[in-house]
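Enquirer: Please see the structure below; I have some questions.
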Amino acid sequence: MKIGVVVSEGPYTHQAADTAYHFVKAALDGGHEVPRVFFYHDGVNVSTRLSVPPQDERHIQNNWTNLAKEHDIDLVVCIAAAQRRGLLDENEANRQGKDANNIADGFRISGLGQLIEMGIQTDRLVTFGD
Amino acid sequence: MKIGVVVSEGPYTHQAADTAYHFVKAALDGGHEVPRVFFYHDGVNVSTRLSVPPQDERHIQNNWTNLAKEHDIDLVVCIAAAQRRGLLDENEANRQGKDANNIADGFRISGLGQLIEMGIQTDRLVTFGD
Amino acid sequence: MSTLHTVNKSPFATQTLMSCLNHCKDGDAVLMIEDGVYGALANSGMADFVRAKSASLAIYVMSPDTAARGLAEDKLLGEVSGVDYAGFVDLVAKHDRTQSWL
Amino acid sequence: MSTLHTVNKSPFATQTLMSCLNHCKDGDAVLMIEDGVYGALANSGMADFVRAKSASLAIYVMSPDTAARGLAEDKLLGEVSGVDYAGFVDLVAKHDRTQSWL
Amino acid sequence: MSDVKKFLYVNRKAPYGTIYALESLEVVLIGAAFEQDVSLAFLDDGVFQLTKGQNTDGIGIKNFSPTFRALGDFEVTKLYVEKDSLEERGLSPDDLQEIMYEDEDDDWEEKPSIRLVSRAEMADVMADQDVVLSF
Amino acid sequence: MSDVKKFLYVNRKAPYGTIYALESLEVVLIGAAFEQDVSLAFLDDGVFQLTKGQNTDGIGIKNFSPTFRALGDFEVTKLYVEKDSLEERGLSPDDLQEIMYEDEDDDWEEKPSIRLVSRAEMADVMADQDVVLSF
């Protein structure tokens with residue numbers, strides 16, 4: 001079965017990004033497909049490559065990057081939500097005249113249409129938020 | 001009177017950073033001192049210089065930067081909370097081996113001791129959060 | 001010695017206003033801000049509780065927040081006084097400490 | 001046709017569980033996750049309500065979340081079944097849609 | 001399954017205190033281009049999003065409530081509002097904005113987009129969807 | 001005002017679902033170095049922070065509950081826990097961790113740090129502070 005996933009809250013502050021991660025792993029282990037995870041609201045903050053959690057804590061962004069690589073998951077960060085909150089890739093940074101970017105490997109910035117498309121193309125949609 | 005302020009939630013997602021801003025302006029207009037604002041939890045996300053809100057929305061980070069310059073307010077971003085969430089200044093980025101930093105002008109990263117010190121040295125402490 | 005309590009959550013969504021009001025001392029002040037201003041609605045299921053508490057507490061509501069949410073004065077409890085950000089600052093200065101109910 | 005509802009908030013902090021349970025249809029499933037697992041406590045003020053709803057609903061609780069919070073099995077309602085993340089996925093697949101009560 | 005899915009946007013949070021109401025509306029506007037069967041549900045504190053007379057000048061946040069009145073132009077015409085939620089908050093339908101659309105199947109007659117429903121009817125609306133997005 | 005202030009850390013949220021409990025504890029640990037008069041309040045869902053037997057292996061988040069037992073070493077010895085909050089949740093004091101400290105003023109006798117208080121007594125504790133930090 002194709003399952004789409006939405007993550008609506010940022011890393012560490014809420015458990016949503018953790019629960020979503022464990023859910024996606026279990027879905028893949030169970031033989032399902034997770035073609036895309038859409039990061040919206042504060043969920044866009046999961047995509048930063050600048051986080052440095054304490055050594056004895058999980059690294060939420062790395063976990064997603066690795067899982068996406070291993071299973072070819074499309075990690076989409078909503079552009080409108082990301083702009084408000086200061087998440088940019090290199091293209092966006094150039095376009096906006098910003099001197100730095102902070103998106104991690106494996107995530108890509110795109111529009112809300114990707115969320116609707118995921119809703120249309122998957123059999124189930126599950127949201128993790130606050 | 002000396003009033004210390006804590007901001008505990010990120011920009012746009014919660015109203016906390018807006019309410020705190022209007023409160024601090026009113027306190028200064030009323031003849032009070034606001035020596036320091038401490039950003040904790042997701043409040044550290046206020047300090048990003050990479051945000052690009054829509055043109056018809058307020059620019060929360062710029063508002064804080066400008067207010068701090070005008071009134072000599074010490075905007076302190078908690079280092080532990082910032083590291084988890086991917087907010088770094090140039091020093092921290094170098095120390096952590098990160099290839100970018102994202103802290104805005106007027107904010108500085110420091111430890112939780114600055115929060116306690118603010119509690120000791122001010123007459124009142126007000127927290128804005130979720 | 002008295003405390004200013006702030007509440008920023010809707011009483012229909014969370015237990016925060018209830019907990020705050022149940023921990024206030026006589027003579028304390030309560031200021032409803034942000035989504036907390038819905039606690040000042042006059043005809044809601046919460047109104048009797050808030051009205052009863054106003055006998056021993058001074059209850060305020062942020063007028064910029066009620067205006068933002070389209071809550072006209074005649075929708076609000078008469079026992080609750082509107083303040084602006086300057087009034088918020090005055091309340092902080094007047095009371096010995098501020099406790100934020102988050 | 002049935003729905004899997006997820007609830008991730010404590011019923012002592014927010015109205016979310018209450019609202020969810022009041023919008024379920026007979027035969028739906030409710031899965032308590034994250035701080036939502038406190039809704040499965042057997043001796044709380046919420047227990048009777050949840051127990052009554054379990055007559056027409058299948059109610060589940062995430063065992064990794066109850067373990068994290070130190071809630072031993074004997075503290076939980078007998079009407080609520082524990083599942084792990086694989087069980088969560090099975091529930092999603094089994095029901096026609098998932099509604100997250102945030 | 002037909003190639004048009006039923007999408008429900010569930011709004012349970014008040015406006016301005018958090019951004020969910022605004023960012024929900026942004027999804028609805030983008031989603032309208034996909035020609036799906038769209039409904040919006042307003043229950044619990046979500047009903048506060050629709051109050052009339054919102055004036056956000058004092059808090060410095062953009063007033064997005066006029067956008068609800070434009071939804072008809074995007075063929076988003078089904079806004080289910082739960083009566084029980086209004087009543088618990090001491091609100092009446094008169095406290096909400098008037099939101100109209102022109103019915104292309106009925107000689108472009110102007111009709112109200114807001115449909116007042118009981119809690120049980122809201123449960124029926126929810127149970128009749130393919131995709132539920134929660135805000 | 002004396003140069004020692006009374007600091008109260010108010011904990012009203014459950015652990016793990018959000019980070020507030022953990023980041024509150026981080027402030028308490030740093031704050032201990034400042035030799036102020038520190039108290040912690042646990043009420044509403046905050047009482048869940050102190051349950052015994054927490055095992056977070058399944059959710060992949062660090063279990064920070066043992067840190068509460070170390071607070072005595074930092075001279076943080078006043079943990080006020082509201083009985084009414086426990087009862088509403090169907091918990092008893094036996095469901096909480098045992099947290100002890102050595103009383104330097106009483107020949108280093110081991111004493112419990114948790115002080116069960118009624119709601120009215122909690123209100124008194126809150127009203128007796130110079131600085132209240134809420135989490």
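Ligands are numbered from 1 in the order shown, chains are lettered A, B, ... in the order of the structure tokens, and residues start at 1 in each chain.
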Pick out the residues sitting within 9 Å of segment 35-46 of chain B, and hand them over as an MDAnalysis selection string; count only C-alpha atoms, and ignore anything fewer than 2 positions along from it in its own chain.

Expert: (chainID A and resid 10 13 85:86) or (chainID B and resid 2:12 16:17 24 33 48:49 60:61 64 71:82 85:87 112 114:115 118 122 129) or (chainID F and resid 19:20 23)

Enquirer: Could you save the residues just selected, with N, CA and C atoms, as a compact mmCIF listing (two decimals), in the first residue's frame?

Expert:
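The resulting file, result12.txt, is reproduced below:
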# COMPACT_ATOMS: atom_id res chain seq x y z
N GLY A 10 8.44 20.79 14.52
CA GLY A 10 9.88 20.81 14.44
C GLY A 10 10.55 19.74 15.28
N THR A 13 11.43 19.60 19.85
CA THR A 13 10.41 20.27 20.64
C THR A 13 9.17 19.40 20.81
N ARG A 85 10.24 30.67 8.09
CA ARG A 85 10.98 30.19 9.25
C ARG A 85 12.49 30.16 9.05
N GLY A 86 12.95 30.54 7.84
CA GLY A 86 14.40 30.63 7.65
C GLY A 86 15.08 29.34 7.26
N LYS B 2 13.33 47.38 36.20
CA LYS B 2 14.02 46.49 35.26
C LYS B 2 13.18 45.25 35.01
N ILE B 3 12.85 45.02 33.75
CA ILE B 3 12.00 43.88 33.39
C ILE B 3 12.78 42.94 32.47
N GLY B 4 12.87 41.69 32.86
CA GLY B 4 13.48 40.67 32.02
C GLY B 4 12.39 39.92 31.26
N VAL B 5 12.72 39.49 30.05
CA VAL B 5 11.72 38.84 29.21
C VAL B 5 12.28 37.53 28.65
N VAL B 6 11.45 36.49 28.67
CA VAL B 6 11.79 35.20 28.09
C VAL B 6 10.84 34.93 26.92
N VAL B 7 11.39 34.52 25.78
CA VAL B 7 10.59 34.11 24.63
C VAL B 7 10.83 32.62 24.38
N SER B 8 9.77 31.83 24.45
CA SER B 8 9.91 30.37 24.44
C SER B 8 9.41 29.69 23.18
N GLU B 9 8.85 30.44 22.24
CA GLU B 9 8.35 29.79 21.03
C GLU B 9 8.89 30.50 19.79
N GLY B 10 8.90 29.78 18.68
CA GLY B 10 9.47 30.27 17.45
C GLY B 10 8.60 31.30 16.74
N PRO B 11 9.14 31.93 15.71
CA PRO B 11 8.43 33.00 15.03
C PRO B 11 7.32 32.45 14.13
N TYR B 12 6.26 33.23 13.98
CA TYR B 12 5.13 32.93 13.09
C TYR B 12 4.25 31.80 13.59
N ALA B 16 3.70 34.17 20.51
CA ALA B 16 4.53 34.57 21.66
C ALA B 16 5.58 35.63 21.31
N ALA B 17 6.31 35.43 20.20
CA ALA B 17 7.38 36.37 19.85
C ALA B 17 6.81 37.73 19.48
N VAL B 24 7.64 44.53 25.07
CA VAL B 24 8.93 45.19 25.33
C VAL B 24 8.89 46.65 24.85
N GLU B 33 13.22 49.72 32.01
CA GLU B 33 14.39 49.16 31.33
C GLU B 33 14.12 47.70 30.98
N THR B 48 17.03 33.59 13.56
CA THR B 48 17.58 33.28 12.24
C THR B 48 17.58 34.51 11.33
N ARG B 49 18.66 34.72 10.61
CA ARG B 49 18.67 35.82 9.65
C ARG B 49 18.24 35.35 8.26
N ILE B 60 9.56 39.36 11.84
CA ILE B 60 9.73 39.24 13.30
C ILE B 60 11.20 39.42 13.70
N GLN B 61 12.10 38.76 12.99
CA GLN B 61 13.52 38.85 13.39
C GLN B 61 14.05 40.27 13.20
N TRP B 64 13.04 42.56 16.01
CA TRP B 64 13.84 42.39 17.23
C TRP B 64 15.23 43.00 17.07
N HIS B 71 17.55 50.37 21.49
CA HIS B 71 17.43 50.48 22.95
C HIS B 71 18.50 49.69 23.70
N ASP B 72 19.50 49.22 22.97
CA ASP B 72 20.60 48.52 23.62
C ASP B 72 20.13 47.34 24.47
N ILE B 73 19.31 46.49 23.85
CA ILE B 73 18.82 45.29 24.55
C ILE B 73 19.73 44.12 24.20
N ASP B 74 20.06 43.34 25.20
CA ASP B 74 20.90 42.16 25.02
C ASP B 74 20.00 40.97 24.63
N LEU B 75 20.04 40.59 23.36
CA LEU B 75 19.22 39.46 22.90
C LEU B 75 20.04 38.18 22.99
N VAL B 76 19.73 37.34 23.96
CA VAL B 76 20.54 36.15 24.20
C VAL B 76 19.79 34.90 23.76
N VAL B 77 20.48 34.10 22.96
CA VAL B 77 19.93 32.85 22.44
C VAL B 77 20.59 31.71 23.19
N CYS B 78 19.80 30.85 23.81
CA CYS B 78 20.36 29.75 24.60
C CYS B 78 21.15 28.79 23.72
N ILE B 79 22.39 28.54 24.09
CA ILE B 79 23.25 27.72 23.24
C ILE B 79 22.79 26.27 23.15
N ALA B 80 22.34 25.71 24.28
CA ALA B 80 21.94 24.30 24.26
C ALA B 80 20.70 24.12 23.39
N ALA B 81 19.74 25.01 23.55
CA ALA B 81 18.51 24.93 22.76
C ALA B 81 18.80 25.21 21.30
N ALA B 82 19.74 26.12 21.03
CA ALA B 82 20.07 26.51 19.65
C ALA B 82 20.79 25.38 18.92
N ARG B 85 18.49 22.74 17.63
CA ARG B 85 17.55 23.20 16.59
C ARG B 85 18.24 23.78 15.35
N GLY B 86 19.58 23.84 15.36
CA GLY B 86 20.26 24.29 14.16
C GLY B 86 20.41 25.79 14.03
N LEU B 87 20.61 26.50 15.14
CA LEU B 87 20.92 27.93 15.11
C LEU B 87 22.35 28.09 15.58
N LEU B 112 22.65 29.13 29.59
CA LEU B 112 21.47 29.28 30.43
C LEU B 112 21.72 30.14 31.67
N GLN B 114 22.74 32.97 31.71
CA GLN B 114 22.26 34.32 31.40
C GLN B 114 20.78 34.48 31.75
N LEU B 115 20.05 33.39 31.69
CA LEU B 115 18.63 33.43 32.08
C LEU B 115 18.51 33.60 33.60
N MET B 118 19.54 37.00 34.63
CA MET B 118 18.46 37.96 34.34
C MET B 118 17.40 37.92 35.43
N THR B 122 16.89 41.49 37.55
CA THR B 122 15.73 42.32 37.18
C THR B 122 14.70 42.32 38.30
N GLY B 129 5.27 32.24 25.86
CA GLY B 129 5.50 30.91 25.30
C GLY B 129 4.23 30.27 24.83
N ILE F 19 9.38 18.86 24.60
CA ILE F 19 10.71 18.94 25.21
C ILE F 19 10.75 19.79 26.49
N TYR F 20 9.61 20.41 26.83
CA TYR F 20 9.65 21.38 27.93
C TYR F 20 10.17 20.78 29.24
N GLU F 23 14.00 20.48 28.98
CA GLU F 23 14.71 21.76 28.96
C GLU F 23 14.47 22.55 30.26

Enquirer: Apply DSSP to the structure's backbone, then extract all residues of segment 19-77 of chain C labelled alpha helix (DSSP H) and return them as a ChimeraX atom specification.

Expert: /C:19-21,47-53,63-68

Enquirer: Can you write just those residues out, N, CA, C and O atoms, as a tab-separated table (two decimals), in the first residue's frame?

Expert:
chain	number	residue	atom	x	y	z
C	19	SER	N	-6.78	25.79	35.54
C	19	SER	CA	-5.71	25.55	36.51
C	19	SER	C	-5.23	26.87	37.10
C	19	SER	O	-5.01	26.99	38.31
C	20	CYS	N	-5.05	27.87	36.24
C	20	CYS	CA	-4.61	29.18	36.73
C	20	CYS	C	-5.58	29.72	37.78
C	20	CYS	O	-5.18	30.08	38.89
C	21	LEU	N	-6.85	29.78	37.43
C	21	LEU	CA	-7.83	30.38	38.34
C	21	LEU	C	-7.92	29.61	39.64
C	21	LEU	O	-8.20	30.19	40.70
C	47	ALA	N	-18.24	30.94	31.23
C	47	ALA	CA	-18.51	32.29	31.74
C	47	ALA	C	-18.83	32.31	33.24
C	47	ALA	O	-18.32	33.16	33.98
C	48	ASP	N	-19.66	31.36	33.69
C	48	ASP	CA	-20.05	31.38	35.10
C	48	ASP	C	-18.85	31.18	36.01
C	48	ASP	O	-18.73	31.82	37.06
C	49	PHE	N	-17.96	30.31	35.60
C	49	PHE	CA	-16.76	30.03	36.40
C	49	PHE	C	-15.88	31.28	36.49
C	49	PHE	O	-15.41	31.66	37.57
C	50	VAL	N	-15.67	31.93	35.36
C	50	VAL	CA	-14.82	33.12	35.34
C	50	VAL	C	-15.48	34.25	36.14
C	50	VAL	O	-14.83	34.95	36.93
C	51	ARG	N	-16.78	34.40	35.97
C	51	ARG	CA	-17.51	35.45	36.69
C	51	ARG	C	-17.40	35.23	38.20
C	51	ARG	O	-17.14	36.17	38.95
C	52	ALA	N	-17.54	33.99	38.62
C	52	ALA	CA	-17.45	33.69	40.05
C	52	ALA	C	-16.07	34.04	40.60
C	52	ALA	O	-15.94	34.60	41.69
C	53	LYS	N	-15.03	33.75	39.81
C	53	LYS	CA	-13.67	34.03	40.26
C	53	LYS	C	-13.40	35.53	40.32
C	53	LYS	O	-12.52	35.98	41.07
C	63	SER	N	-7.03	43.91	24.88
C	63	SER	CA	-7.95	44.43	23.85
C	63	SER	C	-7.42	44.23	22.43
C	63	SER	O	-8.22	43.94	21.52
C	64	PRO	N	-6.13	44.40	22.17
C	64	PRO	CA	-5.66	44.12	20.80
C	64	PRO	C	-5.95	42.69	20.38
C	64	PRO	O	-6.22	42.43	19.19
C	65	ASP	N	-5.93	41.77	21.33
C	65	ASP	CA	-6.19	40.37	21.00
C	65	ASP	C	-7.68	40.10	20.80
C	65	ASP	O	-8.06	39.28	19.96
C	66	THR	N	-8.54	40.75	21.59
C	66	THR	CA	-9.97	40.54	21.36
C	66	THR	C	-10.38	41.15	20.03
C	66	THR	O	-11.16	40.56	19.27
C	67	ALA	N	-9.83	42.34	19.70
C	67	ALA	CA	-10.16	42.98	18.42
C	67	ALA	C	-9.72	42.11	17.25
C	67	ALA	O	-10.45	41.94	16.27
C	68	ALA	N	-8.52	41.54	17.35
C	68	ALA	CA	-8.01	40.70	16.27
C	68	ALA	C	-8.96	39.54	16.00
C	68	ALA	O	-9.15	39.13	14.85

Enquirer: Which residues are near Ala120 of chain E? Cut-off 10 Å, only C-alpha atoms, ignore same chain within fewer than 2 positions. Put them as an mmCIF file with C-alpha atoms, in the first residue's frame.

Expert:
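And here's out_20.cif as it stands now:
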data_model
loop_
_atom_site.group_PDB
_atom_site.id
_atom_site.type_symbol
_atom_site.label_atom_id
_atom_site.label_comp_id
_atom_site.auth_asym_id
_atom_site.auth_seq_id
_atom_site.Cartn_x
_atom_site.Cartn_y
_atom_site.Cartn_z
ATOM 1 C CA ASN D 22 -17.398 12.402 20.270
ATOM 2 C CA HIS D 23 -16.871 12.402 16.495
ATOM 3 C CA CYS D 24 -16.152 8.702 15.975
ATOM 4 C CA LYS D 25 -18.566 6.384 14.190
ATOM 5 C CA GLU E 82 -20.389 22.661 13.917
ATOM 6 C CA ASP E 84 -22.400 22.485 19.074
ATOM 7 C CA VAL E 117 -24.186 20.932 11.080
ATOM 8 C CA SER E 118 -24.709 19.082 14.334
ATOM 9 C CA MET E 122 -19.977 16.542 11.327
ATOM 10 C CA ALA E 123 -18.999 12.965 12.166
ATOM 11 C CA ASP E 124 -20.836 11.855 9.007
ATOM 12 C CA VAL E 125 -18.983 14.439 6.914
ATOM 13 C CA MET E 126 -15.661 13.220 8.313
#

Enquirer: After a least-squares superposition on chain C over all sequentially paired C-alpha atoms, what is chain D as a CSV table (one decimal) with C-alpha atoms, in the first residue's frame?

Expert:
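Writing the result to result25.csv gives the following:
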chain,number,residue,atom,x,y,z
D,1,MET,CA,2.2,40.9,47.9
D,2,SER,CA,0.3,39.8,44.8
D,3,THR,CA,0.8,38.0,41.5
D,4,LEU,CA,-0.1,38.8,37.9
D,5,HIS,CA,-1.0,35.6,36.1
D,6,THR,CA,-1.1,35.5,32.3
D,7,VAL,CA,-3.1,32.9,30.3
D,8,ASN,CA,-2.6,32.6,26.6
D,9,LYS,CA,-4.7,29.5,25.8
D,10,SER,CA,-8.3,29.1,24.9
D,11,PRO,CA,-10.2,27.6,27.8
D,12,PHE,CA,-12.2,25.5,25.3
D,13,ALA,CA,-9.0,23.8,24.0
D,14,THR,CA,-6.9,23.4,27.2
D,15,GLN,CA,-7.2,23.3,31.0
D,16,THR,CA,-4.8,26.2,31.5
D,17,LEU,CA,-7.3,28.9,32.5
D,18,MET,CA,-9.0,26.5,34.9
D,19,SER,CA,-5.7,25.5,36.5
D,20,CYS,CA,-4.6,29.2,36.7
D,21,LEU,CA,-7.8,30.4,38.3
D,22,ASN,CA,-7.7,27.5,40.8
D,23,HIS,CA,-4.2,28.5,41.9
D,24,CYS,CA,-4.8,32.3,42.3
D,25,LYS,CA,-4.8,34.0,45.7
D,26,ASP,CA,-7.3,36.6,46.7
D,27,GLY,CA,-6.2,40.0,45.3
D,28,ASP,CA,-4.2,38.5,42.4
D,29,ALA,CA,-4.7,39.7,38.9
D,30,VAL,CA,-5.3,37.5,35.8
D,31,LEU,CA,-4.6,38.8,32.3
D,32,MET,CA,-5.9,36.9,29.3
D,33,ILE,CA,-3.7,37.3,26.3
D,34,GLU,CA,-3.5,35.8,22.7
D,35,ASP,CA,-5.9,32.8,22.5
D,36,GLY,CA,-6.5,33.2,26.2
D,37,VAL,CA,-8.9,36.1,25.5
D,38,TYR,CA,-11.7,33.6,24.6
D,39,GLY,CA,-11.9,33.1,28.4
D,40,ALA,CA,-13.7,36.4,28.5
D,41,LEU,CA,-16.6,35.4,26.4
D,42,ALA,CA,-19.9,36.3,28.2
D,43,ASN,CA,-22.2,33.5,26.9
D,44,SER,CA,-19.9,30.5,26.9
D,45,GLY,CA,-19.8,27.5,29.1
D,46,MET,CA,-16.9,28.9,30.9
D,47,ALA,CA,-18.5,32.3,31.7
D,48,ASP,CA,-20.1,31.4,35.1
D,49,PHE,CA,-16.8,30.0,36.4
D,50,VAL,CA,-14.8,33.1,35.3
D,51,ARG,CA,-17.5,35.4,36.7
D,52,ALA,CA,-17.5,33.7,40.1
D,53,LYS,CA,-13.7,34.0,40.3
D,54,SER,CA,-13.9,37.7,39.5
D,55,ALA,CA,-15.3,38.3,43.0
D,56,SER,CA,-11.8,37.8,44.5
D,57,LEU,CA,-9.5,38.4,41.5
D,58,ALA,CA,-9.0,41.3,39.1
D,59,ILE,CA,-9.5,39.9,35.6
D,60,TYR,CA,-8.2,41.7,32.5
D,61,VAL,CA,-8.1,40.9,28.8
D,62,MET,CA,-5.8,42.2,26.1
D,63,SER,CA,-8.0,44.4,23.9
D,64,PRO,CA,-5.7,44.1,20.8
D,65,ASP,CA,-6.2,40.4,21.0
D,66,THR,CA,-10.0,40.6,21.4
D,67,ALA,CA,-10.2,43.0,18.4
D,68,ALA,CA,-8.0,40.7,16.3
D,69,ARG,CA,-10.4,37.8,17.0
D,70,GLY,CA,-13.6,39.8,16.2
D,71,LEU,CA,-14.8,39.7,19.8
D,72,ALA,CA,-16.8,42.9,20.3
D,73,GLU,CA,-17.1,44.4,23.8
D,74,ASP,CA,-20.7,43.4,24.1
D,75,LYS,CA,-19.7,39.8,23.7
D,76,LEU,CA,-17.4,40.0,26.8
D,77,LEU,CA,-18.0,39.6,30.5
D,78,GLY,CA,-18.7,42.9,32.2
D,79,GLU,CA,-16.4,41.7,35.0
D,80,VAL,CA,-13.4,41.7,32.7
D,81,SER,CA,-11.4,44.9,32.0
D,82,GLY,CA,-9.7,45.6,28.6
D,83,VAL,CA,-6.0,46.7,28.6
D,84,ASP,CA,-3.5,47.4,25.9
D,85,TYR,CA,0.2,46.6,25.9
D,86,ALA,CA,1.0,49.6,28.1
D,87,GLY,CA,-1.6,48.4,30.5
D,88,PHE,CA,0.0,44.9,30.5
D,89,VAL,CA,3.3,46.6,31.5
D,90,ASP,CA,1.6,48.5,34.2
D,91,LEU,CA,0.1,45.3,35.6
D,92,VAL,CA,3.5,43.6,35.6
D,93,ALA,CA,5.0,46.6,37.5
D,94,LYS,CA,2.1,46.8,40.0
D,95,HIS,CA,2.2,43.1,41.1
D,96,ASP,CA,5.2,41.6,42.8
D,97,ARG,CA,5.7,38.8,40.3
D,98,THR,CA,4.4,37.5,37.0
D,99,GLN,CA,3.5,33.9,36.5
D,100,SER,CA,2.9,32.8,32.9
D,101,TRP,CA,0.5,29.8,32.5
D,102,LEU,CA,1.8,28.1,29.4

Enquirer: With distances taken over only C-alpha atoms, which residue among F:Tyr80, F:Phe42, F:Phe64, F:Tyr9 lies nearest chain A?

Expert: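 Smallest distance to chain A is found for F:Phe64.
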